[in-house]
Structures are given as C-alpha cells and as structure tokens.
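So this one's target.tsv, TSV, C-alpha atoms:
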```tsv
chain	number	residue	atom	x	y	z
A	1	MET	CA	9.93	153.39	259.18
A	2	ARG	CA	8.60	150.94	261.67
A	3	ARG	CA	10.32	152.85	264.41
A	4	ASP	CA	8.66	156.09	263.31
A	5	THR	CA	5.24	154.51	263.55
A	6	PHE	CA	6.03	153.27	267.00
A	7	LEU	CA	7.15	156.65	268.26
A	8	ARG	CA	4.01	158.23	266.89
A	9	THR	CA	1.94	155.80	268.85
A	10	LEU	CA	3.69	156.79	272.03
A	11	ALA	CA	3.14	160.48	271.36
A	12	ALA	CA	-0.55	159.91	270.71
A	13	LEU	CA	-0.97	158.05	273.96
A	14	ALA	CA	0.59	160.91	275.86
A	15	ALA	CA	-1.59	163.42	274.04
A	16	ALA	CA	-4.70	161.50	275.00
A	17	GLY	CA	-3.71	161.93	278.63
A	18	VAL	CA	-3.98	165.72	278.62
A	19	LEU	CA	-7.56	165.89	277.42
A	20	PRO	CA	-10.05	167.60	279.75
A	21	HIS	CA	-11.64	165.43	282.41
A	22	ALA	CA	-15.13	164.13	281.89
A	23	ALA	CA	-16.57	162.43	284.91
A	24	LEU	CA	-19.06	159.67	284.41
A	25	ALA	CA	-22.57	160.22	285.64
A	26	ALA	CA	-23.37	158.28	288.80
A	27	GLY	CA	-25.65	155.36	288.18
A	28	ALA	CA	-24.72	155.24	284.51
A	29	ASN	CA	-25.46	152.37	282.18
A	30	LEU	CA	-22.01	151.22	281.19
A	31	LYS	CA	-20.89	149.33	278.13
A	32	MET	CA	-17.86	147.14	278.60
A	33	MET	CA	-15.87	145.90	275.63
A	34	ILE	CA	-14.06	142.66	276.31
A	35	PRO	CA	-11.83	142.09	273.26
A	36	ALA	CA	-11.58	138.34	273.86
A	37	ASN	CA	-13.87	135.34	273.71
A	38	PRO	CA	-15.69	134.31	276.89
A	39	GLY	CA	-13.93	132.10	279.42
A	40	GLY	CA	-10.50	133.67	279.60
A	41	GLY	CA	-8.72	136.15	281.81
A	42	TRP	CA	-9.85	139.33	280.11
A	43	ASP	CA	-13.41	138.09	280.22
A	44	SER	CA	-13.31	137.37	283.95
A	45	THR	CA	-11.47	140.64	284.63
A	46	GLY	CA	-14.04	142.65	282.70
A	47	ARG	CA	-16.97	140.99	284.41
A	48	ALA	CA	-15.32	141.35	287.81
A	49	LEU	CA	-14.78	145.06	287.20
A	50	GLY	CA	-18.38	145.43	286.07
A	51	LYS	CA	-19.60	143.77	289.24
A	52	ALA	CA	-17.33	145.98	291.34
A	53	LEU	CA	-18.59	149.10	289.57
A	54	GLN	CA	-22.14	148.14	290.43
A	55	ASP	CA	-21.18	147.22	293.98
A	56	ALA	CA	-19.54	150.64	294.39
A	57	GLN	CA	-22.71	152.20	292.93
A	58	ALA	CA	-20.67	153.79	290.18
A	59	ALA	CA	-22.83	152.09	287.58
A	60	ALA	CA	-26.47	151.07	287.50
A	61	THR	CA	-26.07	148.46	284.81
A	62	VAL	CA	-23.14	147.04	282.89
A	63	SER	CA	-23.51	145.30	279.54
A	64	TYR	CA	-20.67	143.21	278.14
A	65	ASP	CA	-19.58	142.70	274.58
A	66	ASN	CA	-17.13	139.86	273.87
A	67	LYS	CA	-15.24	140.33	270.63
A	68	GLY	CA	-12.19	138.09	270.41
A	69	GLY	CA	-9.50	137.63	267.82
A	70	ALA	CA	-6.24	139.18	266.64
A	71	ALA	CA	-4.94	139.74	270.18
A	72	GLY	CA	-7.92	141.96	270.87
A	73	ALA	CA	-7.40	144.18	267.83
A	74	ILE	CA	-10.86	143.32	266.47
A	75	GLY	CA	-12.54	144.34	269.71
A	76	LEU	CA	-10.35	147.42	269.95
A	77	ALA	CA	-11.38	148.52	266.45
A	78	GLN	CA	-15.04	148.10	267.27
A	79	PHE	CA	-14.56	149.88	270.58
A	80	VAL	CA	-12.94	153.00	269.16
A	81	ASN	CA	-15.24	153.16	266.14
A	82	ALA	CA	-18.60	152.37	267.70
A	83	SER	CA	-18.03	154.00	271.08
A	84	LYS	CA	-16.38	157.18	269.91
A	85	GLY	CA	-17.63	159.99	272.12
A	86	ASP	CA	-19.38	157.62	274.50
A	87	ALA	CA	-18.50	158.51	278.08
A	88	ASN	CA	-20.06	155.28	279.34
A	89	ALA	CA	-17.91	152.90	277.29
A	90	LEU	CA	-15.01	151.03	278.82
A	91	MET	CA	-12.64	148.36	277.57
A	92	VAL	CA	-10.44	145.94	279.47
A	93	MET	CA	-7.26	144.56	277.94
A	94	GLY	CA	-3.93	143.09	278.87
A	95	ALA	CA	-0.30	143.26	277.91
A	96	VAL	CA	-1.02	140.68	275.22
A	97	MET	CA	-2.67	143.40	273.18
A	98	LEU	CA	0.54	145.43	273.12
A	99	GLY	CA	2.46	142.48	271.74
A	100	GLY	CA	-0.29	141.85	269.22
A	101	ILE	CA	-0.13	145.43	268.02
A	102	ILE	CA	3.65	145.19	267.62
A	103	THR	CA	3.48	141.97	265.57
A	104	GLY	CA	0.15	142.41	263.81
A	105	LYS	CA	0.18	146.16	263.10
A	106	PRO	CA	-3.61	146.42	263.06
A	107	PRO	CA	-5.18	149.48	261.40
A	108	VAL	CA	-6.61	150.69	264.71
A	109	SER	CA	-4.04	151.16	267.44
A	110	LEU	CA	-4.26	152.15	271.07
A	111	ASP	CA	-3.66	155.81	270.30
A	112	LYS	CA	-7.42	156.03	269.74
A	113	ALA	CA	-8.11	155.05	273.33
A	114	THR	CA	-7.29	156.60	276.67
A	115	PRO	CA	-5.75	154.50	279.41
A	116	ILE	CA	-7.68	154.74	282.68
A	117	ALA	CA	-5.98	152.41	285.10
A	118	ARG	CA	-4.04	149.23	285.54
A	119	LEU	CA	-6.02	146.78	287.61
A	120	THR	CA	-4.14	143.58	288.31
A	121	SER	CA	-0.93	141.88	287.33
A	122	GLU	CA	0.38	138.35	287.27
A	123	PHE	CA	3.15	136.20	285.90
A	124	ASN	CA	3.08	133.51	283.27
A	125	VAL	CA	3.05	129.84	284.07
A	126	PHE	CA	3.93	126.98	281.72
A	127	VAL	CA	2.12	123.70	282.15
A	128	LEU	CA	2.15	120.19	280.67
A	129	PRO	CA	-0.97	118.10	280.08
A	130	ALA	CA	-1.35	115.70	283.01
A	131	ALA	CA	-0.64	112.68	280.77
A	132	SER	CA	2.46	114.17	279.13
A	133	PRO	CA	5.55	111.94	279.01
A	134	LEU	CA	7.64	115.06	279.60
A	135	LYS	CA	8.40	116.02	283.17
A	136	SER	CA	10.13	119.37	283.20
A	137	MET	CA	11.09	122.38	281.14
A	138	ALA	CA	14.45	120.68	280.61
A	139	ASP	CA	12.60	117.80	278.89
A	140	VAL	CA	10.70	120.27	276.71
A	141	VAL	CA	13.93	122.02	275.75
A	142	GLU	CA	15.57	118.66	275.00
A	143	GLN	CA	12.76	117.71	272.61
A	144	MET	CA	12.79	121.16	271.06
A	145	LYS	CA	16.52	120.88	270.38
A	146	ARG	CA	16.00	117.57	268.59
A	147	ASP	CA	13.01	118.76	266.57
A	148	PRO	CA	11.73	122.32	267.19
A	149	GLY	CA	8.50	121.70	265.30
A	150	SER	CA	7.53	118.69	267.42
A	151	VAL	CA	6.93	120.86	270.48
A	152	LYS	CA	3.53	122.48	270.14
A	153	TRP	CA	3.29	125.55	272.37
A	154	GLY	CA	-0.29	126.55	273.12
A	155	GLY	CA	-1.23	129.98	274.40
A	156	GLY	CA	-2.75	133.32	273.55
A	157	SER	CA	-2.40	135.20	270.33
A	158	ARG	CA	0.89	135.87	268.58
A	159	GLY	CA	2.87	138.42	270.53
A	160	SER	CA	1.34	137.33	273.84
A	161	THR	CA	3.62	137.14	276.84
A	162	GLU	CA	3.67	133.34	276.66
A	163	HIS	CA	4.57	133.45	272.97
A	164	ILE	CA	7.40	135.86	273.74
A	165	ALA	CA	8.55	133.70	276.64
A	166	ALA	CA	8.53	130.61	274.37
A	167	ALA	CA	10.64	132.43	271.78
A	168	MET	CA	13.04	133.54	274.48
A	169	ILE	CA	13.35	130.05	275.90
A	170	ALA	CA	14.19	128.83	272.39
A	171	ARG	CA	16.71	131.54	271.83
A	172	ALA	CA	18.34	131.09	275.25
A	173	THR	CA	18.76	127.36	274.61
A	174	GLY	CA	20.19	127.71	271.13
A	175	VAL	CA	17.06	126.90	269.14
A	176	ASP	CA	16.07	129.18	266.26
A	177	PRO	CA	13.04	131.11	267.65
A	178	GLY	CA	11.68	131.29	264.12
A	179	LYS	CA	11.27	127.48	264.14
A	180	ILE	CA	9.10	127.15	267.21
A	181	ASN	CA	5.66	125.71	266.67
A	182	TYR	CA	3.38	128.16	268.44
A	183	VAL	CA	-0.38	127.65	268.32
A	184	ALA	CA	-2.28	130.85	269.05
A	185	PHE	CA	-5.73	130.52	270.64
A	186	ARG	CA	-8.39	133.17	270.82
A	187	GLY	CA	-8.71	133.21	274.53
A	188	GLY	CA	-7.70	131.42	277.70
A	189	GLY	CA	-10.75	129.16	277.47
A	190	GLU	CA	-9.68	127.64	274.15
A	191	ALA	CA	-6.06	127.28	275.22
A	192	THR	CA	-7.16	125.54	278.40
A	193	ALA	CA	-9.29	123.07	276.45
A	194	ALA	CA	-6.36	122.26	274.13
A	195	ILE	CA	-4.03	121.60	277.06
A	196	LEU	CA	-6.56	119.47	278.95
A	197	GLY	CA	-7.17	117.51	275.75
A	198	GLY	CA	-3.46	116.96	275.21
A	199	ASN	CA	-3.60	118.70	271.83
A	200	VAL	CA	-0.52	120.76	272.60
A	201	THR	CA	2.82	119.74	274.12
A	202	ILE	CA	3.04	122.63	276.53
A	203	GLY	CA	0.74	125.50	277.43
A	204	GLY	CA	1.34	128.97	278.79
A	205	SER	CA	-0.89	131.60	280.35
A	206	GLY	CA	-1.35	133.80	283.37
A	207	TYR	CA	-1.18	131.80	286.57
A	208	SER	CA	-4.74	132.56	287.67
A	209	GLU	CA	-6.09	131.15	284.45
A	210	PHE	CA	-4.59	127.73	285.10
A	211	SER	CA	-4.47	127.65	288.89
A	212	GLU	CA	-7.60	125.57	289.44
A	213	TYR	CA	-6.44	122.95	286.92
A	214	ILE	CA	-2.99	122.88	288.48
A	215	LYS	CA	-4.50	122.36	291.93
A	216	ALA	CA	-6.77	119.63	290.58
A	217	GLY	CA	-3.82	117.82	288.99
A	218	LYS	CA	-5.16	118.24	285.45
A	219	MET	CA	-2.17	120.31	284.43
A	220	ARG	CA	1.40	120.02	285.65
A	221	ALA	CA	3.04	123.39	286.22
A	222	ILE	CA	6.71	123.26	285.31
A	223	ALA	CA	7.79	126.89	285.20
A	224	VAL	CA	6.79	130.42	286.10
A	225	THR	CA	8.26	133.63	284.78
A	226	SER	CA	8.57	135.07	288.25
A	227	ASP	CA	11.35	136.01	290.58
A	228	LYS	CA	9.46	134.48	293.45
A	229	ARG	CA	9.09	130.75	293.92
A	230	LEU	CA	5.60	129.37	294.08
A	231	PRO	CA	4.84	126.31	296.12
A	232	GLY	CA	5.77	123.22	294.16
A	233	ILE	CA	6.75	124.95	290.93
A	234	GLY	CA	10.24	125.60	289.71
A	235	ILE	CA	11.30	128.96	288.44
A	236	PHE	CA	12.31	129.24	284.86
A	237	HIS	CA	13.89	132.40	283.64
A	238	ALA	CA	14.62	132.84	280.00
A	239	GLU	CA	17.42	134.92	281.40
A	240	GLY	CA	19.76	134.46	278.52
A	241	ALA	CA	17.66	136.99	276.69
A	242	GLY	CA	17.27	139.31	279.63
A	243	HIS	CA	13.68	138.36	280.37
A	244	ARG	CA	13.16	139.74	283.84
A	245	ARG	CA	9.85	141.38	283.66
A	246	GLY	CA	8.43	139.24	286.41
A	247	ASP	CA	4.92	139.81	287.55
A	248	ARG	CA	4.47	143.08	285.71
A	249	GLN	CA	4.02	141.45	282.44
A	250	LEU	CA	0.43	140.39	282.40
A	251	ALA	CA	-1.05	143.57	283.70
A	252	ARG	CA	-4.74	143.87	282.99
A	253	CYS	CA	-6.00	147.30	282.32
A	254	VAL	CA	-9.08	149.28	281.57
A	255	TRP	CA	-9.44	151.79	278.76
A	256	ARG	CA	-12.03	154.11	277.36
A	257	PRO	CA	-12.50	155.68	273.96
A	258	ARG	CA	-10.34	158.69	273.35
A	259	ARG	CA	-11.73	162.21	273.83
A	260	HIS	CA	-13.01	161.25	277.25
A	261	ALA	CA	-10.41	161.68	279.85
A	262	ARG	CA	-10.15	159.26	282.71
A	263	ALA	CA	-12.65	159.52	285.49
A	264	ALA	CA	-10.25	157.83	287.83
A	265	GLN	CA	-8.01	160.81	288.32
A	266	GLY	CA	-8.63	162.56	291.59
A	267	LEU	CA	-10.45	159.57	292.97
A	268	ASP	CA	-7.06	158.05	293.47
A	269	ARG	CA	-6.08	160.29	296.30
A	270	ASP	CA	-9.28	160.31	298.29
A	271	GLY	CA	-9.84	156.58	298.17
A	272	ARG	CA	-6.29	155.48	298.68
A	273	GLN	CA	-6.61	153.82	302.08
A	274	GLY	CA	-9.72	151.88	301.04
A	275	HIS	CA	-9.80	148.16	301.64
A	276	GLN	CA	-6.05	147.85	301.30
A	277	GLU	CA	-5.63	145.51	304.22
A	278	GLN	CA	-8.78	143.58	303.94
A	279	GLY	CA	-9.03	140.55	301.76
A	280	LEU	CA	-6.42	141.65	299.26
A	281	GLY	CA	-3.57	139.55	300.61
B	1	MET	CA	-15.02	155.65	289.12
B	2	VAL	CA	-12.79	152.72	288.32
B	3	VAL	CA	-10.67	153.42	291.38
B	4	LYS	CA	-13.83	153.56	293.47
B	5	ALA	CA	-14.84	150.19	292.08
B	6	THR	CA	-11.53	148.65	293.10
B	7	LYS	CA	-12.25	149.71	296.69
B	8	SER	CA	-15.48	147.78	296.72
B	9	LYS	CA	-16.03	144.57	298.59
B	10	ALA	CA	-17.01	142.78	295.39
B	11	TRP	CA	-13.64	143.57	293.83
B	12	ALA	CA	-11.72	142.41	296.91
B	13	GLU	CA	-13.65	139.15	296.88
B	14	LEU	CA	-13.08	138.59	293.18
B	15	LEU	CA	-9.36	139.29	293.51
B	16	GLU	CA	-9.11	136.66	296.18
B	17	LYS	CA	-11.28	134.16	294.35
B	18	ASN	CA	-9.31	134.50	291.12
B	19	ASN	CA	-5.90	134.69	292.72
B	20	TRP	CA	-5.20	138.03	291.12
B	21	THR	CA	-2.54	140.39	292.38
B	22	PRO	CA	-3.97	143.88	292.79
B	23	ALA	CA	-1.83	146.34	290.88
B	24	LEU	CA	-3.90	149.47	290.72
B	25	MET	CA	-2.17	152.26	288.85
B	26	PRO	CA	-4.41	155.06	287.63
B	27	GLY	CA	-3.78	158.28	285.79
B	28	ALA	CA	-0.53	159.67	284.49
B	29	ALA	CA	1.60	156.93	286.04
B	30	PHE	CA	-0.34	154.36	284.04
B	31	ASP	CA	0.11	156.39	280.87
B	32	LYS	CA	3.84	156.26	281.41
B	33	PHE	CA	3.72	152.58	282.24
B	34	VAL	CA	2.01	151.79	278.93
B	35	ASP	CA	4.66	153.70	277.00
B	36	GLY	CA	7.49	152.00	278.86
B	37	ASP	CA	5.91	148.58	278.47
B	38	PHE	CA	5.45	149.09	274.75
B	39	ALA	CA	9.10	149.99	274.36
B	40	SER	CA	10.50	147.17	276.48
B	41	LEU	CA	8.20	144.60	274.91
B	42	ARG	CA	9.29	145.67	271.49
B	43	ALA	CA	12.96	145.47	272.45
B	44	VAL	CA	12.47	141.96	273.82
B	45	MET	CA	10.64	140.85	270.67
B	46	VAL	CA	13.36	142.19	268.42
B	47	LYS	CA	15.95	140.36	270.50
B	48	SER	CA	14.01	137.12	270.27
B	49	GLY	CA	13.78	137.37	266.52
B	50	MET	CA	9.99	137.72	266.52
B	51	ILE	CA	9.88	140.94	264.54
```
How does this structure look as structure tokens?
Amino acid sequence: MRRDTFLRTLAALAAAGVLPHAALAAGANLKMMIPANPGGGWDSTGRALGKALQDAQAAATVSYDNKGGAAGAIGLAQFVNASKGDANALMVMGAVMLGGIITGKPPVSLDKATPIARLTSEFNVFVLPAASPLKSMADVVEQMKRDPGSVKWGGGSRGSTEHIAAAMIARATGVDPGKINYVAFRGGGEATAAILGGNVTIGGSGYSEFSEYIKAGKMRAIAVTSDKRLPGIGIFHAEGAGHRRGDRQLARCVWRPRRHARAAQGLDRDGRQGHQEQGLG
Amino acid sequence: MVVKATKSKAWAELLEKNNWTPALMPGAAFDKFVDGDFASLRAVMVKSGMI
C-alpha cells in the first residue's frame, strides 16, 4: 500500500513536467515561500535566489514568507493551496523535505508542485560542541554503544539527511537505529543554537550552515558525509549501510505551484556559458 | 528566469560567501533527479529501519 502511494507520487511529478510552458512576466513581483524558519539554509538560499532574481532583472520585487515545521510540509501545503495558479509564486526546498514526506506522509505532497531547478548541493557535517568531552566520531559511537539514549543528536526534522546519517551510523556500528535519541529542530538556526549551547551531544547539518562556527572554533567538526577530504576534518562514511550519496544529498531546489510549467526551460541553453568561471570556484 | 538569476553577479557572490557548491540542474533532468532521489532515499531509510 505504501509502495503504491509512492509510485503515484512519482507519476504525478512526471506529469507535472509536461504541462505547457508559462513564462513569467519580466519585472514581476514574486512571492517566495521558504518552508523553514528564518536563519537556516533554506532561508538563506531563498533570499539569495530572490536577490539574484532582482539582480538579473527577472523580478522587480520579491516578498518572502517563512513557514517552518514538519520538514517543510506546512509551508508546502500553504504554497500549493494559497498560490495555486499564481505564476509569480516560487518555493525553495531541500532534500530534507523528501525525507520528511517519506516519514511524515503529509496530506499535501510534492505532486502538487512543479520542480524548476536544482540550485546548489552540499554534504553533511557532524560537529561537537566546543566544550564536549568527546573528541571524535569513534567516541560518539562508543558512548552510543554503551547507552544509545545518552547521545543526543541534534539536526533538522525527522527524515533529514543528518537524521538518516545518524540512523545509518547506528546501524553500521551495531546499535539499534530505533533507539537513537534524535532531536529534530525546525531550522538550522535552532539546531545551531542548541549545539552552541551544549544542549545536544552532537549536531549535524549542511557544511555551509556550520562553517563559520567551525572556523571560529565554536563547533568541532568530526565527520563529513563526503568522498572528498576537507581540511582538518576526517571523513566518516556510514558505509556499512551503503551510504555513498556524497555531496548530492543536500541539494537545494526551487519549485513553483503546479499548473505553471517551469520558466527555466530554454533559458538553460542560451545562458549556459554565463559566469561559469568567475567567482564560482 | 531562475537560470538567468543564477548567472547574475549577486548569485555568484552569494555562492562564494555561503560556501555553496553550485549544482544547477533545470528542466527534465531535475524532474528525473527528484524521482531518483525519492527512490534512493526511501531505500536507504528502509534499510536503516526508519520506516
């Protein structure tokens, strides 16, 4: 039954892709749904995209609506209900929302929205509060083996990439993934505050969300879910469970309500060379 | 429109400032990516005993 629902979702997404194109009017007043609370990665991505749209003169004004909770499902519901038929409405989201939909089964799924484009991607990083007595992922695993509940994992909503990674780490090290103590926060801002305050044992998020705290020594990075080594950080693969998704996993994307096909198509080809070499390294 | 925005100077600057990796993928390829990601994510979650 669950599988049927899932397959239907896939079919609906594909169907949304063949709808007729509807280009946005130049100089439009755009509405951007950010289905997370302010201060996190989706928030900064949405605002960055808004700024870029204005810079490219594709939009005159951009208004933002932050609506966090339930891995973005609350914002998604509002987006598809309130912006139905609105060619000037956009939504940003990340892979976390997919996981949230799989675990939470919200009433409104992504089949009511049309994917426009993937924007950025990054890998997860796990960090310890600066004052933590633990030193490495091995220490965390050791403590988890003794008492799974004593390790408080802090990150995004249930089904987020860091939650999945935590479950895989548990499973790969012989700990029952059902016993892990995962604390879901409503956005990167709240998770960051909990880690800085030492309210969780270990925190996980996209690297860019923690990078300034890592550089400032306020968080100690102990593992990244990447195939590439970052300066000063060890690589931790939850490989036992086949976790090799690397930097694809935190892709941030932009969506619009269904019934309005993507404006991006066609623009792809003519703008391809763009600023590729300049400042993107 | 979105693709045009990602060619802007503002976007390039924000990518650099935030340490983001550009991964632009518009259109049908992105549609496919979403489907594939959904499936692989689900498989991983089943394996990890999350669902």
### Task
Using atom CA of Gly189 of chain A and atom CA of Phe123 of chain A as the two end points, give the distance in Å to one decimal.
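Going from atom CA of Gly189 of chain A over to atom CA of Phe123 of chain A covers 17.7 Å.
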### Message
From the options A:Met32, A:Val141, A:Ala59, A:Ala216, which residue's atoms come nearest to chain B, counting all atoms listed in the file?
### Response
A:Ala59
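Here the question is which of A:Ala130, A:Asp65, A:Lys179, A:Leu49 gets nearest to Gly49 of chain B using all atoms listed in the file, and that residue is A:Lys179.
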### Query
Taking all atoms listed in the file into account, what are the residues of chain B at most 6 Å from chain A, put as a list in words?
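That gives the following set of residues: Met1, Val2, Val3, Ala5, Lys7, Ser8, Ala10, Trp11, Ala12, Asn19, Thr21, Pro22, Ala23, Leu24, Met25, Pro26, Gly27, Asp35 and Ser48 of chain B.
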Would you mind exporting C-alpha atoms of the selected residues as a JSON list (two decimals), keeping the file's coordinate frame?
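Wrote selection_12.json, looks like this:
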```json
[["chain", "number", "residue", "atom", "x", "y", "z"],
["B", 1, "MET", "CA", -15.02, 155.65, 289.12],
["B", 2, "VAL", "CA", -12.79, 152.72, 288.32],
["B", 3, "VAL", "CA", -10.67, 153.42, 291.38],
["B", 5, "ALA", "CA", -14.84, 150.19, 292.08],
["B", 7, "LYS", "CA", -12.25, 149.71, 296.69],
["B", 8, "SER", "CA", -15.48, 147.78, 296.72],
["B", 10, "ALA", "CA", -17.01, 142.78, 295.39],
["B", 11, "TRP", "CA", -13.64, 143.57, 293.83],
["B", 12, "ALA", "CA", -11.72, 142.41, 296.91],
["B", 19, "ASN", "CA", -5.90, 134.69, 292.72],
["B", 21, "THR", "CA", -2.54, 140.39, 292.38],
["B", 22, "PRO", "CA", -3.97, 143.88, 292.79],
["B", 23, "ALA", "CA", -1.83, 146.34, 290.88],
["B", 24, "LEU", "CA", -3.90, 149.47, 290.72],
["B", 25, "MET", "CA", -2.17, 152.26, 288.85],
["B", 26, "PRO", "CA", -4.41, 155.06, 287.63],
["B", 27, "GLY", "CA", -3.78, 158.28, 285.79],
["B", 35, "ASP", "CA", 4.66, 153.70, 277.00],
["B", 48, "SER", "CA", 14.01, 137.12, 270.27]]
```
### Message
So, with only C-alpha atoms as the atoms that count, which of A:Gly154, A:Gly149, A:Gly217, A:Pro107 lies closest to Glu190 of chain A?
### Response
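Distance minimum relative to Glu190 of chain A lands on A:Gly154.
Here atom CA of Asp37 of chain B stands at a distance of 27.1 Å from atom CA of Tyr64 of chain A.
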Specify the axis-aligned box that encloses all atoms of segment 31-49 of chain B listed in the file after padding of 5 Å on each side, stating its centre and edge lengths in Å to one decimal as lines of an AutoDock Vina configuration file.
```
center_x = 8.0
center_y = 146.8
center_z = 274.4
size_x = 25.8
size_y = 29.3
size_z = 25.7
```
### Task
For atom CA of Asp31 of chain B and atom CA of Leu76 of chain A, determine how far apart the two atoms are, in Å to one decimal place.
17.6 Å
### Task
Compare A:Ala60, A:Ala73, A:Ile195, A:Ile214 by their minimum atom-to-atom distance to Gly100 of chain A, counting only C-alpha atoms, and give me the closest one.
A:Ala73
### Query
Quick one: of A:Gly197, A:Phe185, A:Ser160, A:Ser136, who's nearest to Met50 of chain B, counting all atoms listed in the file?
A:Ser160
### Message
If we count all atoms listed in the file and set the cut-off at 9 Å, which residues sit around Trp153 of chain A, ignoring sequence neighbours fewer than 2 positions away in its own chain? Please answer as an MDAnalysis selection string.
### Response
chainID A and resid 151 155 162:163 166 180:184 200:204
